[in-house]
Amino acid sequence: AAAEKGGYPSFMEKEINDQPDAVAQTLLGRSDADGNLTLDEIRVDPSVLKNIDRIIVLACGTSAYAGQVARYAIEHWCRIPTEVELSHEFRYRDPIVDENTLIVSISQSGETMDTLMAVRYAREQGAKTVAICNTNGSTIPRESDAVLYTHAGPEIAVASTKAFLAQITAAYLLGLYLAQLRGNLFQGQIKDILAELAKTPAKIATVLENADQIKELARSMADTRSVLFLGRHVGYPVAMEGALKLKELAYIHAEGFAAGELKHGPIALIEEGQPVIVVVPSPRGRDSLHSKVVSNIQEVRARGAKTIVIAEEGDESVKAYAEHVFYVPETSTLLAPLLTTVPLQIFALELASAKGFDVDQPRNLAKSVTVE
Ligand code: G6P
């Protein structure tokens with residue numbers, strides 16, 4: 001078993017460290033020598049895909065957060081209205097689905113019963129279905145019109161890590177493919193995004209190499225009772241995923257909030273010493289997202305929060321309000337989740353390990369939930 005863990009104490013730690021590879025493998029073979037996107041595996045008639053007027057992403061757990069991240073990119077690049085729904089909620093609300101709806105399921109195992117049932121239901125209504133999946137030949141891809149495999153390699157730890165980054169990568173490739181097919185982006189733009197994606201494995205490796213500081217912080221927080229996570233735009237699902245990891249592994253009450261929602265409720269939770277982890281968007285990004293999130297840090301700090309900030313390398317503006325800052329390398333706004341998620345995974349892993357919990361087999365959870 002030690003060999004299977006690649007010398008790491010747990011599968012989860014190994015899988016976190018596998019992430020540069022998981023993303024690289026998922027990109028491999030999906031562009032030609034000139035850097036153009038080639039996605040032959042999407043075996044849905046291009047004329048059908050050109051007529052899609054709606055995308056619904058169906059998934060559960062961490063895979064649903066990957067879908068939420070992907071939604072920002074897909075809508076931005078393809079201009080197709082995209083919603084993300086938990087598979088188990090989808091079927092029971094009499095959803096509007098027809099032959100112009102594209103269903104994108106996301107599942108690491110390909111066996112999650114709730115997602116399988118949702119896909120079956122959508123197919124019966126005439127929708128086209130594409131599966132993003134990490135397990136070759138599993139049930140969901142077999143029952144879908146097309147499959148885009150994530151090549152993260154087998155994921156053993158119950159809490160998903162490398163599959164998450166690979167899912168985001170694959171969903172982005174699908175978004176670029178649709179944008180290419182429908183002419184929403186120029187060829188050059190697609191090449192630029194692919195080139196930026198190709199740089200992320202090395203950047204993830206940098207985050208992993210610089211993880212000592214966050215590990216130390218996590219260990220020092222082993223007695224924490226509650227942690228809040230804030231993010232905005234793509235940082236919002238990242239915040240929710242960070243909170244989920246902490247619940248799953250360390251059994252700590254944790255919530256991820258949209259930073260803009262703070263003033264509408266969650267700020268009431270802030271009292272002296274409350275840890276708040278904030279995922280800060282790039283200061284080079286669009287709009288004034290960055291400055292808005294920085295003022296959220298100030299607001300919680302002023303009320304006594306212990307502020308822990310994940311920010312882009314070189315962003316000095318957060319330092320004044322942060323008790324701890326962890327930097328990730330520069331990338332575009334949409335690709336940032338591939339980097340900002342990693343310190344949150346490490347934080348949960350270290351904190352849970354410090355409490356002496358089994359990080360590979362958290363209590364009450366299963367790797368693959370094959371019952372409804
Ligand atoms: C279970 C696992 C999670 C996973 C979810 C969805 O709850 O514990 O880690 O995110 O199922 O699984 P899937 O295989 O469909 O991605």
# chains A, B, ... in the order shown; residues from 1 in each chain; ligands from 1
>>> residues_around(residues="A:Val276", least_positions_apart="2", cutoff="7 Å", atoms="only C-alpha atoms", output="PyMOL selection string")
chain A and resi 227-229+274+278+305-308
>>> write_last_selection(atoms="C-alpha atoms", output="mmCIF file, in the first residue's frame")
data_model
loop_
_atom_site.group_PDB
_atom_site.id
_atom_site.type_symbol
_atom_site.label_atom_id
_atom_site.label_comp_id
_atom_site.auth_asym_id
_atom_site.auth_seq_id
_atom_site.Cartn_x
_atom_site.Cartn_y
_atom_site.Cartn_z
ATOM 1 C CA VAL A 227 -14.296 28.395 9.293
ATOM 2 C CA LEU A 228 -15.953 30.668 6.741
ATOM 3 C CA PHE A 229 -14.848 30.853 3.124
ATOM 4 C CA GLN A 274 -13.566 33.837 13.595
ATOM 5 C CA VAL A 278 -10.903 34.707 1.329
ATOM 6 C CA ALA A 305 -12.149 38.048 11.969
ATOM 7 C CA LYS A 306 -8.891 36.205 11.571
ATOM 8 C CA THR A 307 -8.353 36.778 7.856
ATOM 9 C CA ILE A 308 -6.547 34.234 5.719
#
>>> residues_near_ligand(ligand="ligand 1", cutoff="6 Å", atoms="only C-alpha atoms and all ligand atoms", output="list in words")
Cys60, Gly61, Thr62, Ser63, Ser107, Gln108, Ser109, Gly110, Thr112, Val158, Ala159, Ser160, Leu365, Ala366, Lys367, Ser368 and Val369 of chain A
>>> residues_around(residues="A:Asn184", least_positions_apart="6", cutoff="9 Å", atoms="only C-alpha atoms", output="PyMOL selection string")
chain A and resi 77-79+178
>>> select_by_dssp(residues="stretch 8-151 of chain A", states="strand (DSSP E)", output="list of chain:residue names")
A:Arg54, A:Ile55, A:Ile56, A:Val57, A:Leu58, A:Ala59, A:Thr82, A:Glu83, A:Val84, A:Glu85, A:Leu86, A:Thr101, A:Leu102, A:Ile103, A:Val104, A:Ser105, A:Ile106, A:Ser107, A:Lys128, A:Thr129, A:Val130, A:Ala131, A:Ile132, A:Cys133, A:Ala146, A:Val147, A:Leu148, A:Tyr149
>>> residues_around(residues="stretch 131-134 of chain A", least_positions_apart="4", cutoff="9 Å", atoms="only C-alpha atoms", output="mmCIF file with N, CA and C atoms, in the first residue's frame")
data_model
loop_
_atom_site.group_PDB
_atom_site.id
_atom_site.type_symbol
_atom_site.label_atom_id
_atom_site.label_comp_id
_atom_site.auth_asym_id
_atom_site.auth_seq_id
_atom_site.Cartn_x
_atom_site.Cartn_y
_atom_site.Cartn_z
ATOM 1 N N ILE A 103 -26.991 18.447 -22.122
ATOM 2 C CA ILE A 103 -26.739 18.053 -20.737
ATOM 3 C C ILE A 103 -25.262 17.681 -20.622
ATOM 4 N N VAL A 104 -24.586 18.296 -19.686
ATOM 5 C CA VAL A 104 -23.193 17.927 -19.417
ATOM 6 C C VAL A 104 -23.165 17.335 -18.012
ATOM 7 N N SER A 105 -22.936 16.047 -17.915
ATOM 8 C CA SER A 105 -22.827 15.452 -16.583
ATOM 9 C C SER A 105 -21.357 15.449 -16.194
ATOM 10 N N ILE A 106 -21.100 15.631 -14.923
ATOM 11 C CA ILE A 106 -19.721 15.559 -14.429
ATOM 12 C C ILE A 106 -19.695 14.553 -13.286
ATOM 13 N N SER A 107 -18.888 13.533 -13.455
ATOM 14 C CA SER A 107 -18.789 12.508 -12.408
ATOM 15 C C SER A 107 -17.409 11.862 -12.443
ATOM 16 N N GLN A 108 -16.756 11.857 -11.322
ATOM 17 C CA GLN A 108 -15.458 11.189 -11.219
ATOM 18 C C GLN A 108 -15.644 9.698 -11.472
ATOM 19 N N SER A 109 -16.571 9.095 -10.749
ATOM 20 C CA SER A 109 -16.729 7.635 -10.794
ATOM 21 C C SER A 109 -17.506 7.168 -12.014
ATOM 22 N N GLY A 110 -18.406 8.004 -12.489
ATOM 23 C CA GLY A 110 -19.311 7.578 -13.559
ATOM 24 C C GLY A 110 -20.397 6.649 -13.062
ATOM 25 N N SER A 138 -17.384 3.397 -17.458
ATOM 26 C CA SER A 138 -18.366 3.379 -16.369
ATOM 27 C C SER A 138 -19.770 3.675 -16.923
ATOM 28 N N ILE A 140 -22.270 6.030 -16.511
ATOM 29 C CA ILE A 140 -22.768 7.313 -17.039
ATOM 30 C C ILE A 140 -22.243 7.578 -18.459
ATOM 31 N N PRO A 141 -20.933 7.427 -18.708
ATOM 32 C CA PRO A 141 -20.494 7.598 -20.101
ATOM 33 C C PRO A 141 -21.156 6.614 -21.067
ATOM 34 N N ARG A 142 -21.349 5.375 -20.602
ATOM 35 C CA ARG A 142 -21.977 4.382 -21.487
ATOM 36 C C ARG A 142 -23.392 4.783 -21.860
ATOM 37 N N GLU A 143 -24.048 5.482 -20.969
ATOM 38 C CA GLU A 143 -25.433 5.873 -21.239
ATOM 39 C C GLU A 143 -25.548 7.293 -21.793
ATOM 40 N N SER A 144 -24.426 7.873 -22.202
ATOM 41 C CA SER A 144 -24.459 9.236 -22.736
ATOM 42 C C SER A 144 -24.147 9.220 -24.225
ATOM 43 N N ASP A 145 -24.474 10.323 -24.907
ATOM 44 C CA ASP A 145 -24.192 10.400 -26.346
ATOM 45 C C ASP A 145 -22.699 10.518 -26.611
ATOM 46 N N ALA A 146 -21.993 11.176 -25.702
ATOM 47 C CA ALA A 146 -20.556 11.365 -25.898
ATOM 48 C C ALA A 146 -19.888 11.444 -24.540
ATOM 49 N N VAL A 147 -18.585 11.224 -24.549
ATOM 50 C CA VAL A 147 -17.837 11.328 -23.286
ATOM 51 C C VAL A 147 -16.519 12.048 -23.504
ATOM 52 N N LEU A 148 -16.204 12.877 -22.555
ATOM 53 C CA LEU A 148 -14.915 13.548 -22.534
ATOM 54 C C LEU A 148 -14.255 13.072 -21.241
ATOM 55 N N TYR A 149 -13.275 12.203 -21.384
ATOM 56 C CA TYR A 149 -12.653 11.659 -20.174
ATOM 57 C C TYR A 149 -11.662 12.648 -19.573
ATOM 58 N N THR A 150 -11.699 12.715 -18.243
ATOM 59 C CA THR A 150 -10.637 13.393 -17.520
ATOM 60 C C THR A 150 -9.572 12.317 -17.311
ATOM 61 N N HIS A 151 -8.332 12.674 -17.505
ATOM 62 C CA HIS A 151 -7.287 11.662 -17.341
ATOM 63 C C HIS A 151 -6.501 11.920 -16.061
ATOM 64 N N ALA A 152 -7.235 11.985 -14.954
ATOM 65 C CA ALA A 152 -6.580 12.245 -13.662
ATOM 66 C C ALA A 152 -5.930 10.989 -13.097
ATOM 67 N N GLY A 153 -6.275 9.826 -13.653
ATOM 68 C CA GLY A 153 -5.825 8.564 -13.054
ATOM 69 C C GLY A 153 -6.755 8.213 -11.913
ATOM 70 N N PRO A 154 -6.679 6.956 -11.427
ATOM 71 C CA PRO A 154 -7.612 6.528 -10.382
ATOM 72 C C PRO A 154 -7.528 7.419 -9.143
ATOM 73 N N GLU A 155 -8.673 7.786 -8.633
ATOM 74 C CA GLU A 155 -8.715 8.584 -7.406
ATOM 75 C C GLU A 155 -9.238 7.675 -6.295
ATOM 76 N N ALA A 163 -9.388 14.894 -9.314
ATOM 77 C CA ALA A 163 -10.478 14.783 -10.289
ATOM 78 C C ALA A 163 -11.132 16.147 -10.497
ATOM 79 N N ALA A 166 -9.136 18.219 -12.862
ATOM 80 C CA ALA A 166 -9.246 17.627 -14.204
ATOM 81 C C ALA A 166 -10.637 17.889 -14.797
ATOM 82 N N GLN A 167 -11.655 17.892 -13.953
ATOM 83 C CA GLN A 167 -13.022 18.167 -14.429
ATOM 84 C C GLN A 167 -13.140 19.601 -14.943
ATOM 85 N N ALA A 170 -11.401 19.722 -18.292
ATOM 86 C CA ALA A 170 -12.177 19.087 -19.367
ATOM 87 C C ALA A 170 -13.389 19.941 -19.739
ATOM 88 N N ALA A 171 -14.043 20.500 -18.745
ATOM 89 C CA ALA A 171 -15.218 21.328 -19.029
ATOM 90 C C ALA A 171 -14.808 22.578 -19.811
#
>>> atom_distance(atom1="atom CA of A:Thr139", atom2="atom CA of A:Pro362")
25.3 Å
>>> closest_residue(among="A:Ile346, A:Tyr172, A:Arg303, A:Val69", to="A:Asp212", atoms="only C-alpha atoms")
A:Ile346
>>> residues_around(residues="A:Val293", least_positions_apart="2", cutoff="12 Å", atoms="only C-alpha atoms", output="PyMOL selection string")
chain A and resi 230-233+235-236+257-262+277-283+287-291+295-300+309-311+317-318+321
>>> select_by_dssp(residues="stretch 2-220 of chain A", states="alpha helix (DSSP H)", output="CSV table (one decimal) with N, CA and C atoms, in the first residue's frame")
chain,number,residue,atom,x,y,z
A,11,PHE,N,-3.4,8.5,0.5
A,11,PHE,CA,-3.8,8.6,-1.0
A,11,PHE,C,-4.1,10.1,-1.3
A,12,MET,N,-4.8,10.7,-0.3
A,12,MET,CA,-5.2,12.1,-0.6
A,12,MET,C,-4.0,13.0,-0.8
A,13,GLU,N,-3.0,12.8,0.0
A,13,GLU,CA,-1.8,13.7,-0.2
A,13,GLU,C,-1.1,13.4,-1.5
A,14,LYS,N,-1.1,12.1,-1.9
A,14,LYS,CA,-0.6,11.7,-3.2
A,14,LYS,C,-1.4,12.4,-4.3
A,15,GLU,N,-2.7,12.3,-4.1
A,15,GLU,CA,-3.5,12.8,-5.2
A,15,GLU,C,-3.5,14.3,-5.4
A,16,ILE,N,-3.3,15.0,-4.2
A,16,ILE,CA,-3.1,16.5,-4.3
A,16,ILE,C,-1.8,16.8,-5.1
A,17,ASN,N,-0.8,15.9,-4.8
A,17,ASN,CA,0.5,16.2,-5.5
A,17,ASN,C,0.5,15.7,-6.9
A,19,GLN,N,-1.7,16.5,-9.0
A,19,GLN,CA,-2.6,17.5,-9.7
A,19,GLN,C,-1.9,18.1,-11.0
A,20,PRO,N,-0.6,18.4,-10.9
A,20,PRO,CA,0.0,18.9,-12.2
A,20,PRO,C,-0.2,17.9,-13.3
A,21,ASP,N,0.0,16.7,-13.0
A,21,ASP,CA,-0.1,15.6,-14.0
A,21,ASP,C,-1.6,15.4,-14.4
A,22,ALA,N,-2.5,15.5,-13.4
A,22,ALA,CA,-3.9,15.3,-13.8
A,22,ALA,C,-4.4,16.3,-14.8
A,23,VAL,N,-4.0,17.5,-14.6
A,23,VAL,CA,-4.3,18.6,-15.6
A,23,VAL,C,-3.6,18.4,-16.9
A,24,ALA,N,-2.3,18.1,-16.8
A,24,ALA,CA,-1.5,17.9,-18.0
A,24,ALA,C,-2.1,16.7,-18.9
A,25,GLN,N,-2.4,15.6,-18.2
A,25,GLN,CA,-2.9,14.5,-18.9
A,25,GLN,C,-4.3,14.8,-19.6
A,26,THR,N,-5.1,15.6,-18.9
A,26,THR,CA,-6.4,15.9,-19.4
A,26,THR,C,-6.3,16.8,-20.6
A,27,LEU,N,-5.2,17.6,-20.7
A,27,LEU,CA,-5.0,18.4,-21.9
A,27,LEU,C,-4.3,17.7,-23.0
A,46,PRO,N,-22.2,18.0,-35.2
A,46,PRO,CA,-21.9,19.4,-35.0
A,46,PRO,C,-23.2,20.3,-35.3
A,47,SER,N,-24.0,19.9,-36.3
A,47,SER,CA,-25.2,20.7,-36.6
A,47,SER,C,-26.1,20.7,-35.4
A,48,VAL,N,-26.2,19.6,-34.6
A,48,VAL,CA,-27.0,19.6,-33.4
A,48,VAL,C,-26.4,20.6,-32.4
A,49,LEU,N,-25.1,20.5,-32.2
A,49,LEU,CA,-24.4,21.4,-31.2
A,49,LEU,C,-24.6,22.8,-31.6
A,50,LYS,N,-24.6,23.1,-32.9
A,50,LYS,CA,-24.8,24.5,-33.3
A,50,LYS,C,-26.2,25.1,-32.8
A,61,GLY,N,-21.8,16.8,-5.3
A,61,GLY,CA,-20.6,17.0,-4.5
A,61,GLY,C,-19.6,17.9,-5.2
A,62,THR,N,-18.3,17.5,-5.1
A,62,THR,CA,-17.2,18.3,-5.6
A,62,THR,C,-17.4,18.4,-7.1
A,63,SER,N,-17.9,17.4,-7.8
A,63,SER,CA,-18.1,17.5,-9.2
A,63,SER,C,-19.1,18.7,-9.6
A,64,ALA,N,-20.0,18.9,-8.7
A,64,ALA,CA,-21.0,20.0,-9.0
A,64,ALA,C,-20.3,21.4,-8.9
A,65,TYR,N,-19.3,21.4,-7.9
A,65,TYR,CA,-18.6,22.7,-7.8
A,65,TYR,C,-17.7,22.9,-9.1
A,66,ALA,N,-17.2,21.8,-9.6
A,66,ALA,CA,-16.4,21.9,-10.9
A,66,ALA,C,-17.3,22.5,-12.0
A,67,GLY,N,-18.6,22.0,-12.0
A,67,GLY,CA,-19.6,22.5,-12.9
A,67,GLY,C,-19.8,24.0,-12.7
A,68,GLN,N,-19.9,24.4,-11.5
A,68,GLN,CA,-20.2,25.8,-11.2
A,68,GLN,C,-19.0,26.7,-11.6
A,69,VAL,N,-17.8,26.2,-11.5
A,69,VAL,CA,-16.7,27.0,-12.0
A,69,VAL,C,-16.8,27.1,-13.5
A,70,ALA,N,-17.0,25.9,-14.2
A,70,ALA,CA,-17.0,25.8,-15.6
A,70,ALA,C,-18.1,26.8,-16.2
A,71,ARG,N,-19.2,26.9,-15.5
A,71,ARG,CA,-20.3,27.7,-16.0
A,71,ARG,C,-19.8,29.2,-16.4
A,72,TYR,N,-19.0,29.7,-15.6
A,72,TYR,CA,-18.5,31.1,-15.9
A,72,TYR,C,-17.8,31.1,-17.2
A,73,ALA,N,-17.0,30.1,-17.5
A,73,ALA,CA,-16.2,30.1,-18.7
A,73,ALA,C,-17.1,29.8,-19.9
A,74,ILE,N,-18.0,28.8,-19.7
A,74,ILE,CA,-18.8,28.4,-20.9
A,74,ILE,C,-19.7,29.5,-21.3
A,75,GLU,N,-20.3,30.2,-20.3
A,75,GLU,CA,-21.2,31.3,-20.7
A,75,GLU,C,-20.4,32.5,-21.3
A,76,HIS,N,-19.2,32.7,-20.8
A,76,HIS,CA,-18.4,33.8,-21.3
A,76,HIS,C,-17.9,33.5,-22.7
A,77,TRP,N,-17.5,32.3,-22.9
A,77,TRP,CA,-16.9,32.0,-24.2
A,77,TRP,C,-18.0,31.7,-25.3
A,78,CYS,N,-19.1,31.0,-24.9
A,78,CYS,CA,-20.0,30.4,-25.9
A,78,CYS,C,-21.3,31.2,-26.0
A,87,SER,N,-27.8,16.8,-9.4
A,87,SER,CA,-28.5,15.8,-10.1
A,87,SER,C,-29.8,15.4,-9.4
A,88,HIS,N,-29.7,15.3,-8.1
A,88,HIS,CA,-30.9,14.8,-7.3
A,88,HIS,C,-32.0,15.8,-7.2
A,89,GLU,N,-31.7,17.0,-7.4
A,89,GLU,CA,-32.8,18.1,-7.4
A,89,GLU,C,-33.4,18.2,-8.8
A,90,PHE,N,-32.6,17.9,-9.8
A,90,PHE,CA,-33.0,18.2,-11.2
A,90,PHE,C,-34.3,17.5,-11.6
A,113,MET,N,-25.5,7.3,-8.7
A,113,MET,CA,-26.8,7.0,-9.1
A,113,MET,C,-27.7,8.2,-9.4
A,114,ASP,N,-27.6,9.2,-8.5
A,114,ASP,CA,-28.4,10.4,-8.7
A,114,ASP,C,-28.1,11.0,-10.1
A,115,THR,N,-26.8,11.1,-10.5
A,115,THR,CA,-26.4,11.7,-11.7
A,115,THR,C,-26.9,10.8,-12.9
A,116,LEU,N,-26.7,9.5,-12.7
A,116,LEU,CA,-27.1,8.6,-13.8
A,116,LEU,C,-28.6,8.7,-14.1
A,117,MET,N,-29.4,8.8,-13.0
A,117,MET,CA,-30.9,8.9,-13.2
A,117,MET,C,-31.2,10.2,-13.8
A,118,ALA,N,-30.5,11.3,-13.5
A,118,ALA,CA,-30.8,12.6,-14.1
A,118,ALA,C,-30.5,12.6,-15.6
A,119,VAL,N,-29.4,11.9,-15.9
A,119,VAL,CA,-29.0,11.8,-17.3
A,119,VAL,C,-30.0,11.0,-18.1
A,120,ARG,N,-30.4,9.9,-17.5
A,120,ARG,CA,-31.4,9.1,-18.2
A,120,ARG,C,-32.7,9.9,-18.4
A,121,TYR,N,-33.1,10.6,-17.4
A,121,TYR,CA,-34.3,11.4,-17.5
A,121,TYR,C,-34.2,12.4,-18.7
A,122,ALA,N,-33.1,13.1,-18.7
A,122,ALA,CA,-32.9,14.2,-19.7
A,122,ALA,C,-32.9,13.6,-21.1
A,123,ARG,N,-32.3,12.4,-21.2
A,123,ARG,CA,-32.2,11.8,-22.5
A,123,ARG,C,-33.6,11.4,-23.0
A,124,GLU,N,-34.4,10.9,-22.1
A,124,GLU,CA,-35.8,10.6,-22.4
A,124,GLU,C,-36.5,11.8,-23.0
A,139,THR,N,-20.8,3.6,-16.1
A,139,THR,CA,-22.1,3.6,-16.5
A,139,THR,C,-22.6,4.9,-17.2
A,140,ILE,N,-22.3,6.0,-16.5
A,140,ILE,CA,-22.8,7.3,-17.0
A,140,ILE,C,-22.2,7.6,-18.5
A,141,PRO,N,-20.9,7.4,-18.7
A,141,PRO,CA,-20.5,7.6,-20.1
A,141,PRO,C,-21.2,6.6,-21.1
A,142,ARG,N,-21.3,5.4,-20.6
A,142,ARG,CA,-22.0,4.4,-21.5
A,142,ARG,C,-23.4,4.8,-21.9
A,162,LYS,N,-7.8,15.7,-7.2
A,162,LYS,CA,-7.2,15.8,-8.6
A,162,LYS,C,-8.3,15.6,-9.6
A,163,ALA,N,-9.4,14.9,-9.3
A,163,ALA,CA,-10.5,14.8,-10.3
A,163,ALA,C,-11.1,16.1,-10.5
A,164,PHE,N,-11.2,16.9,-9.4
A,164,PHE,CA,-11.8,18.3,-9.5
A,164,PHE,C,-11.1,19.2,-10.5
A,165,LEU,N,-9.8,19.2,-10.4
A,165,LEU,CA,-9.0,20.1,-11.3
A,165,LEU,C,-9.1,19.5,-12.7
A,166,ALA,N,-9.1,18.2,-12.9
A,166,ALA,CA,-9.2,17.6,-14.2
A,166,ALA,C,-10.6,17.9,-14.8
A,167,GLN,N,-11.7,17.9,-14.0
A,167,GLN,CA,-13.0,18.2,-14.4
A,167,GLN,C,-13.1,19.6,-14.9
A,168,ILE,N,-12.6,20.5,-14.2
A,168,ILE,CA,-12.6,21.9,-14.6
A,168,ILE,C,-11.9,22.0,-16.0
A,169,THR,N,-10.7,21.4,-16.1
A,169,THR,CA,-9.9,21.4,-17.3
A,169,THR,C,-10.8,20.9,-18.5
A,170,ALA,N,-11.4,19.7,-18.3
A,170,ALA,CA,-12.2,19.1,-19.4
A,170,ALA,C,-13.4,19.9,-19.7
A,171,ALA,N,-14.0,20.5,-18.7
A,171,ALA,CA,-15.2,21.3,-19.0
A,171,ALA,C,-14.8,22.6,-19.8
A,172,TYR,N,-13.6,23.1,-19.5
A,172,TYR,CA,-13.1,24.2,-20.3
A,172,TYR,C,-12.9,23.9,-21.7
A,173,LEU,N,-12.3,22.7,-21.9
A,173,LEU,CA,-12.0,22.2,-23.3
A,173,LEU,C,-13.4,22.1,-24.0
A,174,LEU,N,-14.4,21.6,-23.3
A,174,LEU,CA,-15.7,21.5,-24.0
A,174,LEU,C,-16.2,22.9,-24.3
A,175,GLY,N,-16.1,23.8,-23.4
A,175,GLY,CA,-16.5,25.2,-23.7
A,175,GLY,C,-15.8,25.8,-24.9
A,176,LEU,N,-14.5,25.5,-25.0
A,176,LEU,CA,-13.7,26.0,-26.1
A,176,LEU,C,-14.2,25.4,-27.4
A,177,TYR,N,-14.5,24.1,-27.3
A,177,TYR,CA,-14.9,23.3,-28.5
A,177,TYR,C,-16.2,23.9,-29.0
A,178,LEU,N,-17.2,24.2,-28.1
A,178,LEU,CA,-18.4,24.8,-28.5
A,178,LEU,C,-18.3,26.2,-29.1
A,179,ALA,N,-17.4,26.9,-28.5
A,179,ALA,CA,-17.1,28.3,-28.9
A,179,ALA,C,-16.5,28.3,-30.3
A,180,GLN,N,-15.7,27.3,-30.6
A,180,GLN,CA,-15.0,27.1,-31.9
A,180,GLN,C,-16.1,26.7,-32.9
A,181,LEU,N,-16.9,25.8,-32.6
A,181,LEU,CA,-17.9,25.2,-33.5
A,181,LEU,C,-18.9,26.3,-33.9
A,182,ARG,N,-19.2,27.1,-32.9
A,182,ARG,CA,-20.3,28.1,-33.1
A,182,ARG,C,-19.8,29.4,-33.5
A,187,GLN,N,-10.1,31.8,-33.7
A,187,GLN,CA,-9.1,30.7,-33.6
A,187,GLN,C,-7.9,31.1,-32.7
A,188,GLY,N,-7.5,32.3,-32.9
A,188,GLY,CA,-6.4,32.9,-32.1
A,188,GLY,C,-6.7,33.0,-30.6
A,189,GLN,N,-7.9,33.3,-30.3
A,189,GLN,CA,-8.3,33.4,-28.9
A,189,GLN,C,-8.3,32.0,-28.3
A,190,ILE,N,-8.8,31.0,-29.0
A,190,ILE,CA,-8.8,29.7,-28.5
A,190,ILE,C,-7.4,29.2,-28.2
A,191,LYS,N,-6.5,29.5,-29.2
A,191,LYS,CA,-5.1,29.0,-29.0
A,191,LYS,C,-4.5,29.7,-27.8
A,192,ASP,N,-4.8,31.0,-27.6
A,192,ASP,CA,-4.2,31.7,-26.5
A,192,ASP,C,-4.7,31.0,-25.1
A,193,ILE,N,-6.0,30.7,-25.1
A,193,ILE,CA,-6.5,30.1,-23.8
A,193,ILE,C,-5.9,28.7,-23.6
A,194,LEU,N,-5.8,27.9,-24.7
A,194,LEU,CA,-5.1,26.6,-24.6
A,194,LEU,C,-3.7,26.8,-24.1
A,195,ALA,N,-3.0,27.8,-24.7
A,195,ALA,CA,-1.6,28.0,-24.3
A,195,ALA,C,-1.5,28.3,-22.8
A,196,GLU,N,-2.5,29.1,-22.3
A,196,GLU,CA,-2.5,29.5,-20.9
A,196,GLU,C,-2.8,28.3,-20.0
A,197,LEU,N,-3.8,27.5,-20.5
A,197,LEU,CA,-4.1,26.2,-19.8
A,197,LEU,C,-2.8,25.3,-19.7
A,198,ALA,N,-2.1,25.3,-20.8
A,198,ALA,CA,-0.9,24.4,-20.8
A,198,ALA,C,0.1,24.8,-19.8
A,200,THR,N,-0.7,25.8,-16.8
A,200,THR,CA,-1.1,25.6,-15.4
A,200,THR,C,-0.5,24.4,-14.6
A,201,PRO,N,-0.2,23.3,-15.3
A,201,PRO,CA,0.5,22.2,-14.5
A,201,PRO,C,1.7,22.7,-13.7
A,202,ALA,N,2.6,23.5,-14.4
A,202,ALA,CA,3.8,24.0,-13.8
A,202,ALA,C,3.4,25.0,-12.6
A,203,LYS,N,2.4,25.7,-12.8
A,203,LYS,CA,2.0,26.7,-11.8
A,203,LYS,C,1.4,25.9,-10.5
A,204,ILE,N,0.7,24.9,-10.8
A,204,ILE,CA,0.1,24.1,-9.7
A,204,ILE,C,1.3,23.5,-8.9
A,205,ALA,N,2.3,23.0,-9.7
A,205,ALA,CA,3.5,22.5,-9.0
A,205,ALA,C,4.2,23.6,-8.1
A,206,THR,N,4.2,24.8,-8.5
A,206,THR,CA,4.7,25.9,-7.7
A,206,THR,C,3.9,26.0,-6.4
A,207,VAL,N,2.6,26.0,-6.6
A,207,VAL,CA,1.7,26.1,-5.4
A,207,VAL,C,2.1,24.9,-4.4
A,208,LEU,N,2.3,23.7,-4.9
A,208,LEU,CA,2.6,22.6,-4.1
A,208,LEU,C,3.9,22.7,-3.4
A,209,GLU,N,4.9,23.3,-4.1
A,209,GLU,CA,6.2,23.5,-3.6
A,209,GLU,C,6.2,24.5,-2.4
A,212,ASP,N,4.4,24.9,2.6
A,212,ASP,CA,4.8,24.7,4.0
A,212,ASP,C,4.0,25.7,5.0
A,213,GLN,N,3.9,26.9,4.5
A,213,GLN,CA,3.3,28.0,5.3
A,213,GLN,C,1.8,27.6,5.6
A,214,ILE,N,1.1,27.2,4.6
A,214,ILE,CA,-0.3,26.9,4.8
A,214,ILE,C,-0.5,25.6,5.7
A,215,LYS,N,0.4,24.7,5.5
A,215,LYS,CA,0.4,23.5,6.3
A,215,LYS,C,0.6,23.8,7.8
A,216,GLU,N,1.5,24.7,8.1
A,216,GLU,CA,1.8,25.2,9.4
A,216,GLU,C,0.6,25.9,10.0
A,217,LEU,N,0.0,26.7,9.2
A,217,LEU,CA,-1.2,27.4,9.7
A,217,LEU,C,-2.3,26.4,10.0
A,218,ALA,N,-2.5,25.4,9.1
A,218,ALA,CA,-3.6,24.5,9.3
A,218,ALA,C,-3.4,23.7,10.6
A,219,ARG,N,-2.1,23.3,10.9
A,219,ARG,CA,-1.9,22.5,12.1
A,219,ARG,C,-2.1,23.4,13.3
A,220,SER,N,-1.8,24.7,13.2
A,220,SER,CA,-2.0,25.6,14.4
A,220,SER,C,-3.5,25.8,14.6
>>> atom_distance(atom1="atom CA of A:Lys319", atom2="atom CA of A:Arg301")
12.0 Å
